[in-house]
file my_file.csv (CSV, C-alpha atoms and all ligand atoms)
chain,number,residue,atom,x,y,z
X,1,MET,CA,159.7,98.6,-8.5
X,2,ALA,CA,158.7,97.2,-11.9
X,3,ASN,CA,158.6,99.7,-14.7
X,4,LYS,CA,155.2,99.4,-16.3
X,5,ASN,CA,156.4,100.9,-19.5
X,6,GLN,CA,159.0,98.2,-19.9
X,7,THR,CA,158.7,96.0,-23.0
X,8,LEU,CA,158.9,92.2,-22.7
X,9,GLY,CA,162.2,92.3,-24.5
X,10,GLU,CA,163.7,94.8,-22.0
X,11,PHE,CA,162.3,92.8,-19.1
X,12,ILE,CA,163.8,89.5,-20.3
X,13,ILE,CA,167.3,91.1,-20.7
X,14,GLU,CA,167.0,92.9,-17.3
X,15,ASN,CA,166.0,89.7,-15.5
X,16,GLN,CA,168.2,87.3,-17.5
X,17,ALA,CA,171.0,87.4,-14.9
X,18,ALA,CA,168.6,86.2,-12.2
X,19,PHE,CA,168.0,82.9,-14.1
X,20,LYS,CA,170.7,80.5,-12.9
X,21,TYR,CA,171.0,78.5,-16.1
X,22,THR,CA,171.0,81.4,-18.5
X,23,THR,CA,173.3,81.4,-21.5
X,24,GLY,CA,170.6,83.5,-23.1
X,25,GLU,CA,169.0,80.3,-24.5
X,26,LEU,CA,166.0,80.6,-22.2
X,27,SER,CA,165.6,84.3,-23.1
X,28,ARG,CA,165.7,83.4,-26.7
X,29,LEU,CA,163.1,80.6,-26.1
X,30,ILE,CA,160.7,83.0,-24.3
X,31,ASN,CA,161.3,85.5,-27.2
X,32,SER,CA,160.4,82.8,-29.7
X,33,ILE,CA,157.1,82.0,-27.8
X,34,ARG,CA,156.4,85.7,-27.8
X,35,LEU,CA,156.8,85.8,-31.6
X,36,ALA,CA,154.6,82.7,-32.2
X,37,ALA,CA,151.9,84.2,-29.9
X,38,LYS,CA,151.8,87.3,-32.0
X,39,VAL,CA,151.3,85.3,-35.2
X,40,VAL,CA,148.6,83.2,-33.7
X,41,ASN,CA,147.0,86.3,-32.1
X,42,HIS,CA,146.7,87.8,-35.6
X,43,GLU,CA,144.7,84.8,-36.8
X,44,VAL,CA,142.6,84.4,-33.7
X,45,ASN,CA,141.6,88.1,-33.9
X,46,LYS,CA,140.3,87.7,-37.4
X,47,ALA,CA,138.9,84.2,-37.1
X,48,GLY,CA,135.4,85.4,-37.9
X,49,LEU,CA,136.5,86.9,-41.1
X,50,VAL,CA,138.3,84.2,-42.9
X,51,ASP,CA,137.5,80.6,-43.7
X,52,ILE,CA,139.6,79.5,-40.7
X,53,ILE,CA,136.8,78.7,-38.4
X,54,GLY,CA,135.2,75.3,-38.2
X,55,ALA,CA,136.6,71.9,-37.8
X,56,VAL,CA,139.5,70.9,-40.1
X,57,GLY,CA,138.0,67.5,-40.1
X,58,GLY,CA,140.8,65.8,-38.3
X,59,ARG,CA,140.9,64.5,-34.7
X,60,ASN,CA,143.8,64.9,-32.3
X,61,VAL,CA,145.2,62.2,-30.1
X,62,GLN,CA,142.6,63.2,-27.5
X,63,GLY,CA,139.9,62.2,-30.0
X,64,GLU,CA,138.7,65.8,-30.1
X,65,ASP,CA,137.7,67.5,-33.3
X,66,GLN,CA,140.6,69.7,-34.4
X,67,GLN,CA,139.5,73.2,-35.2
X,68,LYS,CA,141.5,74.9,-38.0
X,69,LEU,CA,143.0,77.4,-35.5
X,70,ASP,CA,144.2,74.4,-33.4
X,71,VAL,CA,146.2,73.1,-36.3
X,72,TYR,CA,147.4,76.6,-37.3
X,73,ALA,CA,148.5,77.4,-33.7
X,74,ASN,CA,150.2,74.0,-33.4
X,75,ASP,CA,152.1,74.4,-36.6
X,76,THR,CA,153.1,78.0,-35.8
X,77,PHE,CA,154.6,77.2,-32.4
X,78,ILE,CA,156.3,74.1,-33.7
X,79,GLN,CA,157.8,75.8,-36.8
X,80,THR,CA,158.9,78.9,-34.8
X,81,LEU,CA,160.6,76.8,-32.1
X,82,ILE,CA,162.4,74.6,-34.7
X,83,LYS,CA,163.5,77.6,-36.8
X,84,ARG,CA,164.9,79.4,-33.8
X,85,ASN,CA,167.1,76.4,-33.1
X,86,ILE,CA,166.7,76.6,-29.3
X,87,VAL,CA,165.0,73.4,-28.2
X,88,CYS,CA,166.0,69.8,-28.6
X,89,GLY,CA,162.5,68.4,-28.3
X,90,LEU,CA,158.8,69.4,-28.3
X,91,ALA,CA,155.5,67.8,-27.2
X,92,SER,CA,152.1,69.1,-28.1
X,93,GLU,CA,148.5,68.3,-27.3
X,94,GLU,CA,148.0,68.1,-31.0
X,95,GLU,CA,150.8,65.6,-31.7
X,96,ASP,CA,150.5,61.9,-30.9
X,97,ASP,CA,154.2,61.6,-29.9
X,98,PHE,CA,157.0,64.0,-29.0
X,99,ILE,CA,159.1,65.6,-31.7
X,100,ILE,CA,162.9,65.3,-31.8
X,101,ILE,CA,164.4,68.5,-33.0
X,102,ASN,CA,167.8,68.1,-34.5
X,103,SER,CA,169.8,71.2,-34.0
X,104,GLN,CA,171.1,72.6,-37.2
X,105,ASP,CA,174.5,71.2,-36.5
X,106,GLU,CA,172.9,67.8,-36.0
X,107,LEU,CA,174.6,67.5,-32.6
X,108,HIS,CA,171.5,68.0,-30.4
X,109,GLN,CA,173.3,70.7,-28.5
X,110,ASN,CA,170.2,72.5,-27.3
X,111,LYS,CA,169.2,72.0,-23.7
X,112,TYR,CA,165.5,72.7,-23.4
X,113,VAL,CA,162.3,70.8,-24.1
X,114,VAL,CA,158.9,72.5,-24.5
X,115,LEU,CA,155.5,71.1,-23.9
X,116,ILE,CA,152.5,73.0,-25.3
X,117,ASP,CA,148.8,73.2,-25.5
X,118,PRO,CA,148.8,75.4,-28.6
X,119,LEU,CA,145.2,76.5,-28.4
X,120,ASP,CA,143.4,75.6,-25.1
X,121,GLY,CA,139.7,76.1,-25.0
X,122,SER,CA,139.4,75.7,-28.7
X,123,SER,CA,135.7,74.7,-28.5
X,124,ASN,CA,135.2,78.4,-27.8
X,125,ILE,CA,136.7,79.5,-31.1
X,126,ASP,CA,133.5,79.6,-33.1
X,127,VAL,CA,131.6,81.5,-30.4
X,128,ASN,CA,134.2,84.3,-30.0
X,129,VAL,CA,135.2,83.4,-26.4
X,130,SER,CA,138.8,83.8,-25.2
X,131,VAL,CA,141.2,80.9,-25.9
X,132,GLY,CA,144.8,80.5,-24.9
X,133,THR,CA,148.2,78.9,-25.4
X,134,ILE,CA,149.9,77.1,-22.5
X,135,PHE,CA,153.6,76.2,-22.4
X,136,SER,CA,155.9,74.4,-20.0
X,137,ILE,CA,159.7,74.3,-20.3
X,138,PHE,CA,162.2,71.8,-18.8
X,139,ARG,CA,166.0,71.3,-19.2
X,140,ARG,CA,166.6,67.9,-20.9
X,141,VAL,CA,167.8,65.1,-18.5
X,142,THR,CA,169.3,62.8,-21.1
X,143,PRO,CA,172.9,63.6,-22.4
X,144,VAL,CA,173.3,66.6,-24.6
X,145,GLY,CA,174.4,65.5,-28.1
X,146,THR,CA,171.9,62.6,-28.2
X,147,PRO,CA,168.3,62.7,-29.5
X,148,VAL,CA,165.8,63.4,-26.7
X,149,THR,CA,163.8,60.5,-25.3
X,150,ILE,CA,160.4,60.3,-23.6
X,151,GLU,CA,162.4,60.6,-20.3
X,152,ASP,CA,163.0,64.3,-21.1
X,153,PHE,CA,159.2,64.9,-21.2
X,154,LEU,CA,158.1,62.7,-18.3
X,155,GLN,CA,159.6,65.0,-15.6
X,156,PRO,CA,157.6,66.0,-12.5
X,157,GLY,CA,156.4,69.6,-12.7
X,158,ASN,CA,158.7,70.6,-9.9
X,159,GLN,CA,161.5,70.4,-12.4
X,160,GLN,CA,160.1,73.1,-14.7
X,161,VAL,CA,162.4,76.0,-15.5
X,162,ALA,CA,159.7,78.2,-17.0
X,163,ALA,CA,156.0,78.1,-17.7
X,164,GLY,CA,153.3,80.5,-19.0
X,165,TYR,CA,150.3,81.2,-21.1
X,166,VAL,CA,149.0,83.5,-23.7
X,167,VAL,CA,145.4,84.6,-23.3
X,168,TYR,CA,143.8,85.8,-26.6
X,169,GLY,CA,141.0,87.8,-24.9
X,170,THR,CA,139.7,91.4,-24.9
X,171,SER,CA,143.4,92.0,-25.0
X,172,THR,CA,146.2,89.6,-25.7
X,173,MET,CA,148.5,88.9,-22.7
X,174,LEU,CA,151.6,86.8,-22.2
X,175,VAL,CA,151.9,85.7,-18.5
X,176,TYR,CA,154.9,83.7,-17.5
X,177,THR,CA,157.3,82.7,-14.7
X,178,THR,CA,160.9,81.5,-14.6
X,179,GLY,CA,160.7,80.7,-10.9
X,180,HIS,CA,161.0,84.4,-9.8
X,181,GLY,CA,157.3,85.3,-9.5
X,182,VAL,CA,154.7,85.8,-12.3
X,183,ASN,CA,154.6,88.8,-14.6
X,184,GLY,CA,151.9,89.7,-17.2
X,185,PHE,CA,152.6,91.5,-20.5
X,186,THR,CA,149.9,93.0,-22.7
X,187,LEU,CA,150.3,93.2,-26.4
X,188,ASN,CA,149.9,96.6,-28.1
X,189,PRO,CA,148.6,95.4,-31.4
X,190,ALA,CA,149.3,98.7,-33.1
X,191,ILE,CA,153.0,98.3,-32.7
X,192,GLY,CA,153.3,94.6,-32.0
X,193,SER,CA,155.1,95.0,-28.6
X,194,TYR,CA,154.2,93.5,-25.3
X,195,TYR,CA,154.3,95.8,-22.2
X,196,LEU,CA,154.7,94.9,-18.6
X,197,SER,CA,151.1,95.6,-17.5
X,198,HIS,CA,150.7,93.2,-14.5
X,199,PRO,CA,154.0,93.0,-12.5
X,200,ASP,CA,154.3,90.5,-9.8
X,201,MET,CA,150.9,88.9,-10.1
X,202,GLN,CA,149.6,87.2,-7.0
X,203,PHE,CA,146.5,85.1,-6.2
X,204,PRO,CA,144.6,86.6,-3.3
X,205,GLU,CA,144.7,84.0,-0.5
X,206,ASN,CA,140.9,83.9,-0.4
X,207,GLY,CA,138.3,84.4,-3.1
X,208,LYS,CA,134.6,84.2,-3.8
X,209,ILE,CA,134.7,82.6,-7.2
X,210,TYR,CA,134.5,78.9,-8.0
X,211,SER,CA,134.9,77.7,-11.5
X,212,VAL,CA,133.6,74.2,-12.4
X,213,ASN,CA,131.4,72.6,-15.0
X,214,GLU,CA,128.4,71.9,-12.8
X,215,GLY,CA,126.8,69.9,-15.6
X,216,ASN,CA,129.1,67.0,-14.4
X,217,TYR,CA,127.9,67.4,-10.8
X,218,LEU,CA,126.3,63.9,-10.6
X,219,ASP,CA,129.6,62.3,-11.6
X,220,PHE,CA,131.8,64.2,-9.2
X,221,PRO,CA,133.5,62.6,-6.1
X,222,LEU,CA,131.4,63.2,-2.9
X,223,GLY,CA,134.1,65.5,-1.6
X,224,ILE,CA,133.7,67.8,-4.6
X,225,LYS,CA,129.9,67.7,-4.4
X,226,LYS,CA,130.1,68.7,-0.7
X,227,TYR,CA,132.5,71.5,-1.6
X,228,ILE,CA,130.1,72.9,-4.2
X,229,LYS,CA,127.2,72.8,-1.7
X,230,TYR,CA,129.5,74.6,0.8
X,231,CYS,CA,130.1,77.3,-1.8
X,232,GLN,CA,126.3,77.7,-2.2
X,233,GLU,CA,125.4,78.0,1.5
X,234,GLU,CA,124.2,81.3,3.0
X,235,GLU,CA,126.9,81.7,5.6
X,236,GLY,CA,129.8,84.1,6.3
X,237,ASP,CA,131.2,85.3,3.0
X,238,ARG,CA,129.1,82.8,1.1
X,239,PRO,CA,127.3,82.0,-1.2
X,240,TYR,CA,130.2,82.4,-3.6
X,241,THR,CA,129.9,83.3,-7.3
X,242,SER,CA,130.1,80.6,-10.0
X,243,ARG,CA,132.1,81.7,-13.1
X,244,TYR,CA,133.1,79.1,-15.7
X,245,ILE,CA,134.2,80.2,-19.2
X,246,GLY,CA,135.2,76.7,-20.5
X,247,SER,CA,138.7,78.0,-21.2
X,248,LEU,CA,141.2,77.1,-18.5
X,249,VAL,CA,143.5,80.0,-19.3
X,250,SER,CA,140.7,82.5,-19.0
X,251,ASP,CA,139.2,81.1,-15.8
X,252,PHE,CA,142.7,80.9,-14.3
X,253,HIS,CA,143.6,84.4,-15.3
X,254,ARG,CA,140.4,85.9,-13.8
X,255,ASN,CA,140.8,83.9,-10.6
X,256,MET,CA,144.4,85.0,-10.2
X,257,ILE,CA,143.4,88.6,-10.4
X,258,LYS,CA,140.2,88.5,-8.4
X,259,GLY,CA,140.7,85.4,-6.2
X,260,GLY,CA,139.0,82.1,-6.9
X,261,VAL,CA,139.4,78.4,-7.5
X,262,TYR,CA,139.2,76.3,-10.7
X,263,LEU,CA,138.2,72.6,-10.5
X,264,TYR,CA,138.2,69.9,-13.1
X,265,PRO,CA,137.5,66.8,-11.0
X,266,LYS,CA,137.3,63.3,-12.2
X,267,GLY,CA,134.0,61.9,-13.3
X,268,SER,CA,132.4,58.9,-15.1
X,269,ARG,CA,133.2,60.5,-18.5
X,270,ASN,CA,136.7,61.5,-17.4
X,271,PRO,CA,137.8,58.8,-14.8
X,272,ASN,CA,141.2,60.6,-14.4
X,273,GLY,CA,139.9,64.1,-14.9
X,274,LYS,CA,140.0,65.9,-18.3
X,275,LEU,CA,143.0,68.1,-18.1
X,276,ARG,CA,146.5,66.9,-19.2
X,277,LEU,CA,149.2,66.8,-16.6
X,278,LEU,CA,152.2,67.8,-18.8
X,279,TYR,CA,151.0,70.7,-20.8
X,280,GLU,CA,148.0,72.1,-18.9
X,281,CYS,CA,148.2,71.2,-15.2
X,282,ASN,CA,152.0,71.5,-14.6
X,283,PRO,CA,152.5,74.9,-16.2
X,284,MET,CA,149.4,76.3,-14.5
X,285,ALA,CA,150.5,74.8,-11.2
X,286,PHE,CA,153.9,76.4,-11.5
X,287,LEU,CA,152.3,79.8,-12.2
X,288,ALA,CA,149.9,79.3,-9.3
X,289,GLU,CA,152.6,78.5,-6.8
X,290,GLN,CA,154.8,81.3,-8.0
X,291,ALA,CA,151.8,83.7,-7.5
X,292,ASN,CA,151.1,82.6,-3.9
X,293,GLY,CA,148.4,80.1,-5.0
X,294,LYS,CA,148.2,76.4,-4.9
X,295,ALA,CA,147.5,73.5,-7.3
X,296,SER,CA,146.6,69.9,-6.4
X,297,ASP,CA,144.7,66.9,-7.7
X,298,GLY,CA,142.5,67.1,-4.6
X,299,TYR,CA,145.0,65.3,-2.5
X,300,GLN,CA,148.6,65.9,-3.6
X,301,ARG,CA,150.7,68.7,-5.1
X,302,ILE,CA,150.3,68.6,-8.9
X,303,MET,CA,154.0,69.4,-9.4
X,304,ASP,CA,155.1,66.3,-7.3
X,305,ILE,CA,153.2,63.9,-9.6
X,306,GLN,CA,155.6,61.6,-11.5
X,307,PRO,CA,154.3,61.5,-15.0
X,308,THR,CA,153.9,58.0,-16.7
X,309,GLU,CA,152.7,59.0,-20.2
X,310,LEU,CA,152.7,62.0,-22.4
X,311,HIS,CA,149.0,62.7,-22.6
X,312,GLN,CA,148.0,61.5,-19.1
X,313,ARG,CA,145.1,63.3,-17.4
X,314,VAL,CA,144.7,64.2,-13.7
X,315,PRO,CA,142.0,65.8,-11.6
X,316,PHE,CA,142.9,69.5,-11.1
X,317,VAL,CA,142.1,72.0,-8.3
X,318,CYS,CA,144.0,75.3,-8.7
X,319,GLY,CA,143.8,78.9,-7.4
X,320,SER,CA,143.7,80.8,-4.1
X,321,LYS,CA,145.5,78.9,-1.5
X,322,ASN,CA,142.9,78.9,1.2
X,323,MET,CA,140.2,77.8,-1.3
X,324,VAL,CA,142.3,74.9,-2.6
X,325,ASP,CA,143.0,74.0,1.1
X,326,LYS,CA,139.2,73.9,1.7
X,327,VAL,CA,138.6,71.6,-1.3
X,328,GLU,CA,141.3,69.3,0.0
X,329,GLU,CA,139.7,69.3,3.4
X,330,PHE,CA,136.4,68.1,1.8
X,331,MET,CA,138.3,65.5,-0.2
X,332,GLN,CA,140.0,64.2,2.9
X,333,THR,CA,136.7,64.1,4.8
X,334,TYR,CA,134.4,62.7,2.2
X,335,GLY,CA,136.8,61.4,-0.5
X,336,GLU,CA,135.4,59.7,-3.6
X,401,LIG,P1,134.3,71.1,-20.3
X,401,LIG,C1,139.3,73.1,-22.9
X,401,LIG,O1,139.0,72.0,-23.7
X,401,LIG,C2,139.7,72.6,-21.6
X,401,LIG,O2,140.8,71.8,-21.7
X,401,LIG,C3,139.9,73.7,-20.6
X,401,LIG,O3,140.4,74.9,-21.2
X,401,LIG,C4,138.5,74.0,-20.0
X,401,LIG,O4,138.5,74.6,-18.7
X,401,LIG,C5,137.9,72.6,-20.0
X,401,LIG,O5,138.6,71.8,-21.0
X,401,LIG,C6,136.4,72.7,-20.4
X,401,LIG,O6,135.9,71.4,-20.4
X,401,LIG,O7,134.2,69.6,-20.2
X,401,LIG,O8,133.8,71.8,-19.1
X,401,LIG,O9,133.8,71.7,-21.6

call {"tool": "encode", "arguments": {"input": "my_file.csv", "output": "structure tokens"}}
result
Amino acid sequence: MANKNQTLGEFIIENQAAFKYTTGELSRLINSIRLAAKVVNHEVNKAGLVDIIGAVGGRNVQGEDQQKLDVYANDTFIQTLIKRNIVCGLASEEEDDFIIINSQDELHQNKYVVLIDPLDGSSNIDVNVSVGTIFSIFRRVTPVGTPVTIEDFLQPGNQQVAAGYVVYGTSTMLVYTTGHGVNGFTLNPAIGSYYLSHPDMQFPENGKIYSVNEGNYLDFPLGIKKYIKYCQEEEGDRPYTSRYIGSLVSDFHRNMIKGGVYLYPKGSRNPNGKLRLLYECNPMAFLAEQANGKASDGYQRIMDIQPTELHQRVPFVCGSKNMVDKVEEFMQTYGE
């Protein structure tokens, strides 16, 4: 039985042996993410008080206005991961290309690559709505001792060794998996420690919440339109409740606790969907499956998709298993 007073540090040590690769590197990697999240959390929590709100004026590779906190979070995670000398490569939503990290001995001996969305939902920053950090961790596939290549980042999600998110909400939580279930840790800001508050998180198989931006309804595939109307019918346990925060991490987190499904389908403005496969969909899909949920693009398992480019986008349906199954049923029947 999980000990709810356990700190994240104690939990990592206690569960390190269960992780088949461990030489302590992955534990140190999760620890470095924990540290970076505390630093970002400190800034997020006082965003309204300092001149850190508002666009920094730049645009990221997605063509989106970069909020100052986006840049701050990106720099914080990158610098922390470089300084801790644990990873050999890093990709970020905020960086056009992947970053080769030369281990201090210049021999590229580190074995892990990290892909991050440093501040997901950043459009919510100025209106004080929860935002999050999402991370995905793989072992490199090219030879140790050589610089990482794009091949190390274009791995299917089923090769992930760890994934998780930080949600900077009413409380700050770190939720992650190393393939042995999903555990949630809440930060006690008074002492700067994370405590195991949500052991063994599981999606309820069914739920009554659907999360989608219905403003895009006219652009959705017919299967999605039919599913949304199904949710709104007066029958059985329906109508469902529509809840959409505009922050993937927050919608996912609520749906995992209460039961629900999140959808970001393709549409005319987003012909391949809006969410990025490598550092949004894959890590959330790993967490979903580890928590008895499901994640697909409407047809196939997200984690079986072979990536072709660093910032590629895919349609995304994720959450309670039976709800994702129902969406796939409508996509099979009505399709595009
Ligand atoms: P829209 C944030 O930019 C994000 O990537 C997700 O966190 C969020 O669910 C979605 O995009 C919101 O997009 O088009 O509904 O504003």

call {"tool": "residues_near_ligand", "arguments": {"input": "my_file.csv", "ligand": "ligand LIG 401 (chain X)", "cutoff": "10 Å", "atoms": "all atoms listed in the file", "output": "PDB file with C-alpha atoms, in the frame of the given file"}}
result
ATOM      1  CA  GLU X  64     138.700  65.800 -30.100  1.00  0.00           C
ATOM      2  CA  ASP X 117     148.800  73.200 -25.500  1.00  0.00           C
ATOM      3  CA  LEU X 119     145.200  76.500 -28.400  1.00  0.00           C
ATOM      4  CA  ASP X 120     143.400  75.600 -25.100  1.00  0.00           C
ATOM      5  CA  GLY X 121     139.700  76.100 -25.000  1.00  0.00           C
ATOM      6  CA  SER X 122     139.400  75.700 -28.700  1.00  0.00           C
ATOM      7  CA  SER X 123     135.700  74.700 -28.500  1.00  0.00           C
ATOM      8  CA  ASN X 124     135.200  78.400 -27.800  1.00  0.00           C
ATOM      9  CA  SER X 130     138.800  83.800 -25.200  1.00  0.00           C
ATOM     10  CA  VAL X 131     141.200  80.900 -25.900  1.00  0.00           C
ATOM     11  CA  GLY X 132     144.800  80.500 -24.900  1.00  0.00           C
ATOM     12  CA  THR X 133     148.200  78.900 -25.400  1.00  0.00           C
ATOM     13  CA  ILE X 134     149.900  77.100 -22.500  1.00  0.00           C
ATOM     14  CA  SER X 211     134.900  77.700 -11.500  1.00  0.00           C
ATOM     15  CA  VAL X 212     133.600  74.200 -12.400  1.00  0.00           C
ATOM     16  CA  ASN X 213     131.400  72.600 -15.000  1.00  0.00           C
ATOM     17  CA  GLU X 214     128.400  71.900 -12.800  1.00  0.00           C
ATOM     18  CA  GLY X 215     126.800  69.900 -15.600  1.00  0.00           C
ATOM     19  CA  ASN X 216     129.100  67.000 -14.400  1.00  0.00           C
ATOM     20  CA  TYR X 244     133.100  79.100 -15.700  1.00  0.00           C
ATOM     21  CA  ILE X 245     134.200  80.200 -19.200  1.00  0.00           C
ATOM     22  CA  GLY X 246     135.200  76.700 -20.500  1.00  0.00           C
ATOM     23  CA  SER X 247     138.700  78.000 -21.200  1.00  0.00           C
ATOM     24  CA  LEU X 248     141.200  77.100 -18.500  1.00  0.00           C
ATOM     25  CA  VAL X 249     143.500  80.000 -19.300  1.00  0.00           C
ATOM     26  CA  SER X 250     140.700  82.500 -19.000  1.00  0.00           C
ATOM     27  CA  ASP X 251     139.200  81.100 -15.800  1.00  0.00           C
ATOM     28  CA  PHE X 252     142.700  80.900 -14.300  1.00  0.00           C
ATOM     29  CA  TYR X 262     139.200  76.300 -10.700  1.00  0.00           C
ATOM     30  CA  LEU X 263     138.200  72.600 -10.500  1.00  0.00           C
ATOM     31  CA  TYR X 264     138.200  69.900 -13.100  1.00  0.00           C
ATOM     32  CA  ARG X 269     133.200  60.500 -18.500  1.00  0.00           C
ATOM     33  CA  ASN X 270     136.700  61.500 -17.400  1.00  0.00           C
ATOM     34  CA  GLY X 273     139.900  64.100 -14.900  1.00  0.00           C
ATOM     35  CA  LYS X 274     140.000  65.900 -18.300  1.00  0.00           C
ATOM     36  CA  LEU X 275     143.000  68.100 -18.100  1.00  0.00           C
ATOM     37  CA  ARG X 276     146.500  66.900 -19.200  1.00  0.00           C
ATOM     38  CA  GLU X 280     148.000  72.100 -18.900  1.00  0.00           C
ATOM     39  CA  CYS X 281     148.200  71.200 -15.200  1.00  0.00           C
TER      40      CYS X 281
END

call {"tool": "closest_residue", "arguments": {"input": "my_file.csv", "among": "X:Arg28, X:Lys226, X:Lys258, X:Arg34", "to": "Val175 (chain X)", "atoms": "all atoms listed in the file"}}
result
X:Arg34

call {"tool": "closest_atom_pairs", "arguments": {"input": "my_file.csv", "of": "region 61-172 of chain X", "to": "region 283-297 of chain X", "cutoff": "7 Å", "atoms": "only C-alpha atoms", "output": "CSV"}}
result
residue,atom,partner,partner_atom,distance
X:Phe135,CA,X:Pro283,CA,6.4
X:Ser136,CA,X:Pro283,CA,5.1
X:Ala163,CA,X:Pro283,CA,5.0
X:Gly164,CA,X:Pro283,CA,6.3

call {"tool": "write_last_selection", "arguments": {"input": "my_file.csv", "atoms": "C-alpha atoms", "output": "short mmCIF file (atom, residue, chain, number, x, y, z; two decimals), keeping the file's coordinate frame"}}
result
data_model
loop_
_atom_site.label_atom_id
_atom_site.label_comp_id
_atom_site.auth_asym_id
_atom_site.auth_seq_id
_atom_site.Cartn_x
_atom_site.Cartn_y
_atom_site.Cartn_z
CA PHE X 135 153.60 76.20 -22.40
CA SER X 136 155.90 74.40 -20.00
CA ALA X 163 156.00 78.10 -17.70
CA GLY X 164 153.30 80.50 -19.00
#

call {"tool": "atom_distance", "arguments": {"input": "my_file.csv", "atom1": "CA of Gly259 (chain X)", "atom2": "CA of Thr241 (chain X)"}}
result
11.1 Å

call {"tool": "atom_distance", "arguments": {"input": "my_file.csv", "atom1": "CA of Asn102 (chain X)", "atom2": "CA of Gln79 (chain X)"}}
result
12.8 Å

call {"tool": "closest_residue", "arguments": {"input": "my_file.csv", "among": "X:Tyr168, X:Tyr194, X:Tyr279, X:Phe138", "to": "Val44 (chain X)", "atoms": "all atoms listed in the file"}}
result
X:Tyr168

call {"tool": "atom_distance", "arguments": {"input": "my_file.csv", "atom1": "CA of Asp325 (chain X)", "atom2": "CA of Pro265 (chain X)"}}
result
15.1 Å

call {"tool": "decode", "arguments": {"input": "my_file.csv", "residues": "region 32-36 of chain X", "atoms": "all heavy atoms", "output": "JSON list (two decimals), in the first residue's frame"}}
result
[["chain", "number", "residue", "atom", "x", "y", "z"],
["X", 32, "SER", "N", 15.69, 15.84, -11.68],
["X", 32, "SER", "CA", 16.03, 17.14, -12.30],
["X", 32, "SER", "C", 14.76, 17.81, -12.83],
["X", 32, "SER", "O", 14.61, 19.03, -12.77],
["X", 32, "SER", "CB", 17.04, 16.94, -13.42],
["X", 32, "SER", "OG", 16.51, 16.12, -14.42],
["X", 33, "ILE", "N", 13.81, 17.00, -13.31],
["X", 33, "ILE", "CA", 12.52, 17.56, -13.77],
["X", 33, "ILE", "C", 11.77, 18.12, -12.57],
["X", 33, "ILE", "O", 11.16, 19.20, -12.63],
["X", 33, "ILE", "CB", 11.72, 16.49, -14.51],
["X", 33, "ILE", "CG1", 12.39, 16.20, -15.87],
["X", 33, "ILE", "CG2", 10.26, 16.90, -14.69],
["X", 33, "ILE", "CD1", 11.84, 15.00, -16.61],
["X", 34, "ARG", "N", 11.86, 17.43, -11.47],
["X", 34, "ARG", "CA", 11.21, 17.89, -10.22],
["X", 34, "ARG", "C", 11.75, 19.26, -9.83],
["X", 34, "ARG", "O", 11.00, 20.19, -9.52],
["X", 34, "ARG", "CB", 11.51, 16.88, -9.13],
["X", 34, "ARG", "CG", 11.17, 17.35, -7.73],
["X", 34, "ARG", "CD", 11.52, 16.31, -6.69],
["X", 34, "ARG", "NE", 12.95, 16.16, -6.46],
["X", 34, "ARG", "CZ", 13.45, 15.54, -5.38],
["X", 34, "ARG", "NH1", 12.63, 15.02, -4.49],
["X", 34, "ARG", "NH2", 14.72, 15.42, -5.21],
["X", 35, "LEU", "N", 13.07, 19.41, -9.91],
["X", 35, "LEU", "CA", 13.70, 20.68, -9.53],
["X", 35, "LEU", "C", 13.27, 21.79, -10.48],
["X", 35, "LEU", "O", 12.82, 22.86, -10.06],
["X", 35, "LEU", "CB", 15.22, 20.53, -9.55],
["X", 35, "LEU", "CG", 16.02, 21.84, -9.38],
["X", 35, "LEU", "CD1", 15.76, 22.44, -8.00],
["X", 35, "LEU", "CD2", 17.52, 21.58, -9.60],
["X", 36, "ALA", "N", 13.34, 21.52, -11.79],
["X", 36, "ALA", "CA", 12.98, 22.56, -12.78],
["X", 36, "ALA", "C", 11.52, 22.97, -12.59],
["X", 36, "ALA", "O", 11.17, 24.15, -12.69],
["X", 36, "ALA", "CB", 13.20, 22.02, -14.19]]
